[in-house]
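Down below is the structure, laid out as structure tokens.
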Amino acid sequence: MYMTDQPLFLNAACKVQTKLEPLMLLEELKRIEAKMGRDFTVIRNGPRPIDLDILFYDELSMETEKLTIPHALLHERRFQLGPLCDINTDLMHHRLGRTSGALNRHLTTHNGVPNDIVKVTPLKTRNHTQSSDVEGSVVKTLSPDTQKKTVAMGILNCTPDSFSDGGQHDSVDRAVEHAQELFSSGADIIDIGGQSTRPGATQVGVEAEIERVVPVIKRIRELGIEVPISVDTFYADVAAAALDAGADIVNDVTGGHFDPQMLALVAQRQCPFIIMHMRGNPSTMATMNDYSEYDGDVIRGTRFELAQRVRAALDAGIPRWNIILDPGIGFAKEGVQNFEVLRRLSELTARHIRAASGAAIHPSAGDDNQDSEEGLIDENLATELVNYPVLVGSSRKRFIGHATGRTDAKDRAWGTAATVTAAIQGGAGIVRVHDVAEMVDVARVSDHIYR
């Protein structure tokens, strides 16, 4: 029934709103398939450029010669159930009397179907030539289950007051020169920011940020450097201007919380979005490191609050495959808490974490809790964080200086190397660093040890 000898393919599930009745919707999907080059005369389940299926239609159950809803083979297809569960694990399959999450788990735990689908986050450069309609090309993919090479993100601060390199790259020429150095040193992504987010930093405003970052991005693209560029900003207008100038990724330290227009912008632009855990703003975050409501567990608090931002992003229309998580090292976390996050980084995207003394225990009842175990926390996350790619930005930060006695941030490369190794051991797919050449070497050796 299934042709297994064919190239790997990408699958995604989308929730859409339509006025079309089911059969009319099916005809529209077939029209789209034909327009995109599908040949309906070849083998039905063989290689094809696109295949669109209706999995659910509200709570409707129907069976005709042309269409069965819910999809007739959904219960045996991991490649459909997996993406569907990224949207909702509680969709009820009324003919089978089970939720989508239960069906997905049943395949692997009872039927022995291998869990061989891999979640992928594509990192690509958009085509930056205005005369072309070509979308660009994928240069990296983040797949937590199978990734073998850590992605290095080089830091380019176009600011006068960043904690480590403020004022060093605050002209276009110096910034572009440093971008070229980062690229030649092995940076897979260049992260450009025009606003310091160090503890106690004041906000400079949209216009100042745009003036700092947009000319740099434009010049980099004019020079033909096609490395993906992320813009480090929490303003939607800055992100929009940067994307228009040639950036590819939005890196928001507030996870879209500061500017209410940010999530809508990212959803509309369909670009990767880095959601960092943070509380308050750079001026207030240092005083907001109390996690007592989570029994003092910084990982538990970070998971819970990150899941809220991820849920908001998904609800705004940002695809799951465009979301990257950042635990926010140094943001609303004091020294020992940062080490705790690194030590337990793998728990950030675990399905459940272990309970601390006195914490609520995850219940164990029924088919939908097959993977529950005694001692797990009943977190009630807004959405699961399993298999989201993770970025860690620990480079040269103050907690490293406290541990090493290095007061000058530029002298913390060796300490940073230890945190990069810990991040890779914990499953990080991206490390954000200042000293690119050195940390690329650290990452390559760590990749051989831990991946």
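We label chains A, B, ... in the order they appear in the structure tokens, count residues from 1 in each chain, and number ligands from 1 in the order shown.
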
Please identify the alpha helix (DSSP H) residues within segment 308-345 of chain A (assignment by DSSP from backbone atoms) and present them as a list in words.
Gln308, Arg309, Val310, Arg311, Ala312, Ala313, Leu314, Asp315, Gly335, Val336, Gln337, Asn338, Phe339, Glu340, Val341, Leu342 and Arg343 of chain A

Got a sec: who's within 8 Å of Gly194 of chain A, counting only C-alpha atoms, leaving out chain neighbours fewer than 2 positions off, as a ChimeraX atom specification?
/A:157-159,192,196,208-210,212-213,232-233

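If you look at atom CA of Ile329 of chain A and atom CA of Val442 of chain A, they are 19.1 Å away from each other.
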
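Across the structure, atom CA of Leu25 of chain A and atom CA of Lys66 of chain A are spaced 11.8 Å apart.
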
Residues near segment 264-279 of chain A, cut-off 8 Å, only C-alpha atoms, skip fewer than 6 positions along chain, as a PyMOL selection string
chain A and resi 122-123+236+240+248-256+285+288+302+305-306+309-310+316-319+321-328+331-332

Only N, CA and C atoms, please: the residues just picked out, written as an mmCIF file, in the first residue's frame.
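That gives us selection_19.cif:
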data_model
loop_
_atom_site.group_PDB
_atom_site.id
_atom_site.type_symbol
_atom_site.label_atom_id
_atom_site.label_comp_id
_atom_site.auth_asym_id
_atom_site.auth_seq_id
_atom_site.Cartn_x
_atom_site.Cartn_y
_atom_site.Cartn_z
ATOM 1 N N PRO A 122 13.680 24.643 9.437
ATOM 2 C CA PRO A 122 14.579 25.078 8.359
ATOM 3 C C PRO A 122 15.122 26.472 8.620
ATOM 4 N N LEU A 123 16.424 26.646 8.430
ATOM 5 C CA LEU A 123 17.058 27.964 8.471
ATOM 6 C C LEU A 123 17.498 28.273 7.049
ATOM 7 N N ALA A 236 8.521 45.287 16.745
ATOM 8 C CA ALA A 236 8.037 44.755 15.472
ATOM 9 C C ALA A 236 8.473 45.623 14.300
ATOM 10 N N ALA A 240 10.555 44.334 11.114
ATOM 11 C CA ALA A 240 10.051 44.483 9.747
ATOM 12 C C ALA A 240 11.081 45.165 8.854
ATOM 13 N N ASP A 248 16.766 37.350 7.977
ATOM 14 C CA ASP A 248 16.003 36.119 7.752
ATOM 15 C C ASP A 248 15.284 35.614 8.994
ATOM 16 N N ILE A 249 15.754 36.005 10.178
ATOM 17 C CA ILE A 249 15.291 35.453 11.447
ATOM 18 C C ILE A 249 15.033 36.599 12.407
ATOM 19 N N VAL A 250 14.018 36.453 13.267
ATOM 20 C CA VAL A 250 13.768 37.429 14.329
ATOM 21 C C VAL A 250 14.115 36.783 15.665
ATOM 22 N N ASN A 251 14.962 37.463 16.429
ATOM 23 C CA ASN A 251 15.413 36.989 17.740
ATOM 24 C C ASN A 251 14.904 37.979 18.787
ATOM 25 N N ASP A 252 13.834 37.620 19.489
ATOM 26 C CA ASP A 252 13.161 38.533 20.423
ATOM 27 C C ASP A 252 13.383 38.050 21.853
ATOM 28 N N VAL A 253 14.140 38.819 22.639
ATOM 29 C CA VAL A 253 14.433 38.404 24.007
ATOM 30 C C VAL A 253 13.189 38.360 24.885
ATOM 31 N N THR A 254 12.100 38.986 24.452
ATOM 32 C CA THR A 254 10.858 38.945 25.227
ATOM 33 C C THR A 254 9.882 37.905 24.690
ATOM 34 N N GLY A 255 10.268 37.189 23.660
ATOM 35 C CA GLY A 255 9.390 36.168 23.096
ATOM 36 C C GLY A 255 8.098 36.724 22.538
ATOM 37 N N GLY A 256 8.136 37.966 22.045
ATOM 38 C CA GLY A 256 6.934 38.571 21.488
ATOM 39 C C GLY A 256 6.036 39.216 22.507
ATOM 40 N N MET A 285 14.731 43.123 35.016
ATOM 41 C CA MET A 285 14.803 41.656 35.075
ATOM 42 C C MET A 285 15.704 41.138 36.189
ATOM 43 N N MET A 288 13.878 40.071 39.200
ATOM 44 C CA MET A 288 12.732 39.176 38.989
ATOM 45 C C MET A 288 13.180 37.725 38.862
ATOM 46 N N THR A 302 10.978 28.270 34.021
ATOM 47 C CA THR A 302 11.324 28.631 32.653
ATOM 48 C C THR A 302 10.475 27.853 31.664
ATOM 49 N N GLU A 305 6.775 29.261 31.720
ATOM 50 C CA GLU A 305 6.610 30.583 31.127
ATOM 51 C C GLU A 305 6.980 30.604 29.645
ATOM 52 N N LEU A 306 7.959 29.793 29.245
ATOM 53 C CA LEU A 306 8.259 29.660 27.824
ATOM 54 C C LEU A 306 7.083 29.041 27.075
ATOM 55 N N ARG A 309 4.564 31.557 26.074
ATOM 56 C CA ARG A 309 4.936 32.363 24.908
ATOM 57 C C ARG A 309 4.829 31.543 23.618
ATOM 58 N N VAL A 310 5.192 30.264 23.682
ATOM 59 C CA VAL A 310 5.063 29.399 22.509
ATOM 60 C C VAL A 310 3.597 29.252 22.128
ATOM 61 N N ALA A 316 -1.035 32.813 17.241
ATOM 62 C CA ALA A 316 -0.941 33.960 16.335
ATOM 63 C C ALA A 316 -0.686 33.526 14.895
ATOM 64 N N GLY A 317 -0.462 32.230 14.690
ATOM 65 C CA GLY A 317 -0.264 31.727 13.339
ATOM 66 C C GLY A 317 1.177 31.454 12.959
ATOM 67 N N ILE A 318 2.095 31.483 13.931
ATOM 68 C CA ILE A 318 3.487 31.149 13.651
ATOM 69 C C ILE A 318 3.618 29.630 13.608
ATOM 70 N N PRO A 319 4.085 29.053 12.509
ATOM 71 C CA PRO A 319 4.189 27.595 12.429
ATOM 72 C C PRO A 319 5.146 27.031 13.467
ATOM 73 N N TRP A 321 7.265 24.798 13.166
ATOM 74 C CA TRP A 321 8.606 24.543 12.649
ATOM 75 C C TRP A 321 9.455 25.812 12.551
ATOM 76 N N ASN A 322 8.857 26.971 12.775
ATOM 77 C CA ASN A 322 9.621 28.219 12.746
ATOM 78 C C ASN A 322 10.010 28.712 14.137
ATOM 79 N N ILE A 323 9.724 27.937 15.167
ATOM 80 C CA ILE A 323 9.960 28.386 16.542
ATOM 81 C C ILE A 323 11.214 27.744 17.117
ATOM 82 N N ILE A 324 12.077 28.571 17.690
ATOM 83 C CA ILE A 324 13.304 28.139 18.367
ATOM 84 C C ILE A 324 13.250 28.684 19.792
ATOM 85 N N LEU A 325 13.605 27.863 20.761
ATOM 86 C CA LEU A 325 13.542 28.254 22.168
ATOM 87 C C LEU A 325 14.902 28.687 22.696
ATOM 88 N N ASP A 326 14.874 29.666 23.603
ATOM 89 C CA ASP A 326 16.081 30.131 24.282
ATOM 90 C C ASP A 326 15.742 30.251 25.769
ATOM 91 N N PRO A 327 16.434 29.513 26.657
ATOM 92 C CA PRO A 327 16.088 29.558 28.081
ATOM 93 C C PRO A 327 16.429 30.881 28.758
ATOM 94 N N GLY A 328 17.144 31.771 28.071
ATOM 95 C CA GLY A 328 17.401 33.096 28.640
ATOM 96 C C GLY A 328 18.466 33.094 29.725
ATOM 97 N N PHE A 331 19.021 36.219 32.040
ATOM 98 C CA PHE A 331 17.824 37.057 32.017
ATOM 99 C C PHE A 331 16.869 36.587 33.104
ATOM 100 N N ALA A 332 16.649 37.429 34.115
ATOM 101 C CA ALA A 332 15.804 37.089 35.263
ATOM 102 C C ALA A 332 16.308 35.812 35.944
#

Using only C-alpha atoms, which of A:Pro47, A:Thr197, A:Gln425, A:Ser292 sits nearest Pro7 of chain A?
A:Pro47

Would you kindly return, as an mmCIF file with C-alpha atoms, in the first residue's frame, each protein, DNA or RNA residue with an atom no farther than 6 Å from any atom of segment 385-387 of chain A, considering only C-alpha atoms and excluding same-chain residues fewer than 2 positions away?
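What landed in result06.cif:
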data_model
loop_
_atom_site.group_PDB
_atom_site.id
_atom_site.type_symbol
_atom_site.label_atom_id
_atom_site.label_comp_id
_atom_site.auth_asym_id
_atom_site.auth_seq_id
_atom_site.Cartn_x
_atom_site.Cartn_y
_atom_site.Cartn_z
ATOM 1 C CA PRO A 144 16.824 17.861 17.750
ATOM 2 C CA THR A 349 12.136 20.275 26.210
ATOM 3 C CA ALA A 350 11.365 17.028 28.047
ATOM 4 C CA ARG A 351 7.807 15.722 28.042
#

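We find atom CA of Gln203 of chain A and atom CA of Asp237 of chain A to be spaced 14.5 Å apart.
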
Within 9 Å of Asp53 of chain A, counting only C-alpha atoms, which residues qualify if same-chain residues fewer than 2 places away don't, as a count of residues only?
5

Which of segment 72-284 of chain A end up as strand (DSSP E) when DSSP is run on this backbone - answer as a short mmCIF file (atom, residue, chain, number, x, y, z; two decimals) with N, CA and C atoms, in the first residue's frame?
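Everything below was put into result_13.cif:
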data_model
loop_
_atom_site.label_atom_id
_atom_site.label_comp_id
_atom_site.auth_asym_id
_atom_site.auth_seq_id
_atom_site.Cartn_x
_atom_site.Cartn_y
_atom_site.Cartn_z
N MET A 92 -10.71 14.63 19.15
CA MET A 92 -11.35 13.34 19.33
C MET A 92 -11.72 12.71 17.99
N HIS A 93 -11.19 11.51 17.77
CA HIS A 93 -11.56 10.71 16.60
C HIS A 93 -12.80 9.92 17.00
N ARG A 98 -10.91 7.74 20.36
CA ARG A 98 -9.63 8.09 20.95
C ARG A 98 -9.18 9.46 20.47
N THR A 99 -8.38 10.11 21.29
CA THR A 99 -7.84 11.41 20.90
C THR A 99 -6.66 11.22 19.95
N THR A 121 13.38 22.25 11.78
CA THR A 121 13.25 23.70 11.67
C THR A 121 14.20 24.17 10.58
N PRO A 122 13.68 24.64 9.44
CA PRO A 122 14.58 25.08 8.36
C PRO A 122 15.12 26.47 8.62
N LEU A 123 16.42 26.65 8.43
CA LEU A 123 17.06 27.96 8.47
C LEU A 123 17.50 28.27 7.05
N LYS A 124 16.90 29.26 6.43
CA LYS A 124 17.24 29.52 5.04
C LYS A 124 17.47 31.00 4.82
N THR A 125 18.23 31.29 3.78
CA THR A 125 18.38 32.67 3.35
C THR A 125 17.33 32.94 2.29
N ARG A 126 16.54 33.96 2.52
CA ARG A 126 15.60 34.38 1.49
C ARG A 126 16.37 34.98 0.34
N GLY A 136 14.76 31.57 -2.14
CA GLY A 136 16.00 31.38 -1.40
C GLY A 136 16.24 29.91 -1.16
N SER A 137 17.24 29.59 -0.37
CA SER A 137 17.60 28.19 -0.18
C SER A 137 17.81 27.87 1.28
N VAL A 138 17.50 26.64 1.64
CA VAL A 138 17.72 26.17 3.00
C VAL A 138 19.21 25.90 3.18
N VAL A 139 19.82 26.54 4.18
CA VAL A 139 21.25 26.36 4.41
C VAL A 139 21.53 25.51 5.64
N LYS A 140 20.58 25.44 6.57
CA LYS A 140 20.72 24.62 7.77
C LYS A 140 19.35 24.11 8.15
N THR A 141 19.33 22.95 8.78
CA THR A 141 18.10 22.47 9.39
C THR A 141 18.39 22.09 10.83
N LEU A 142 17.47 22.42 11.70
CA LEU A 142 17.58 22.05 13.11
C LEU A 142 16.63 20.89 13.36
N VAL A 151 25.00 24.55 15.36
CA VAL A 151 25.00 25.78 14.57
C VAL A 151 25.58 26.90 15.42
N ALA A 152 26.55 27.62 14.86
CA ALA A 152 27.20 28.73 15.56
C ALA A 152 26.59 30.05 15.12
N MET A 153 26.06 30.81 16.08
CA MET A 153 25.52 32.14 15.81
C MET A 153 26.51 33.18 16.32
N GLY A 154 27.04 33.99 15.42
CA GLY A 154 27.99 35.02 15.80
C GLY A 154 27.30 36.31 16.18
N ILE A 155 27.77 36.95 17.23
CA ILE A 155 27.13 38.14 17.78
C ILE A 155 27.75 39.40 17.18
N LEU A 156 26.88 40.28 16.66
CA LEU A 156 27.32 41.57 16.14
C LEU A 156 26.47 42.66 16.81
N ASN A 157 27.04 43.31 17.79
CA ASN A 157 26.34 44.37 18.52
C ASN A 157 26.69 45.74 17.93
N ILE A 189 25.20 31.72 11.41
CA ILE A 189 24.21 32.78 11.47
C ILE A 189 24.91 34.01 12.06
N ILE A 190 24.55 35.19 11.61
CA ILE A 190 25.02 36.42 12.24
C ILE A 190 23.83 37.11 12.89
N ASP A 191 23.95 37.37 14.19
CA ASP A 191 22.87 37.98 14.97
C ASP A 191 23.21 39.45 15.21
N ILE A 192 22.41 40.33 14.63
CA ILE A 192 22.70 41.76 14.66
C ILE A 192 21.71 42.47 15.56
N GLY A 193 22.22 43.24 16.51
CA GLY A 193 21.37 43.97 17.44
C GLY A 193 21.76 45.43 17.55
N ILE A 229 20.88 35.93 8.51
CA ILE A 229 21.01 37.02 9.47
C ILE A 229 19.80 37.03 10.37
N SER A 230 20.04 37.10 11.68
CA SER A 230 18.93 37.30 12.62
C SER A 230 19.03 38.72 13.17
N VAL A 231 17.89 39.31 13.42
CA VAL A 231 17.86 40.64 14.02
C VAL A 231 17.42 40.48 15.47
N ASP A 232 18.23 41.01 16.36
CA ASP A 232 17.99 40.92 17.80
C ASP A 232 17.20 42.16 18.23
N ILE A 249 15.75 36.01 10.18
CA ILE A 249 15.29 35.45 11.45
C ILE A 249 15.03 36.60 12.41
N VAL A 250 14.02 36.45 13.27
CA VAL A 250 13.77 37.43 14.33
C VAL A 250 14.12 36.78 15.66
N ASN A 251 14.96 37.46 16.43
CA ASN A 251 15.41 36.99 17.74
C ASN A 251 14.90 37.98 18.79
N ASP A 252 13.83 37.62 19.49
CA ASP A 252 13.16 38.53 20.42
C ASP A 252 13.38 38.05 21.85
N PHE A 273 11.61 32.25 14.34
CA PHE A 273 11.39 33.16 15.46
C PHE A 273 12.00 32.55 16.71
N ILE A 274 12.94 33.25 17.31
CA ILE A 274 13.58 32.78 18.53
C ILE A 274 12.85 33.37 19.73
N ILE A 275 12.27 32.50 20.55
CA ILE A 275 11.50 32.91 21.71
C ILE A 275 12.35 32.68 22.95
N MET A 276 12.74 33.76 23.59
CA MET A 276 13.58 33.64 24.78
C MET A 276 12.74 33.80 26.05
#

Residues near segment 402-404 of chain A, cut-off 10 Å, only C-alpha atoms, skip fewer than 2 positions along chain, as a list in words
Gly335, Val336, Lys397, Arg398, Phe399, Ile400, Arg406, Thr407, Asp411, Arg412, Trp414 and Gly415 of chain A
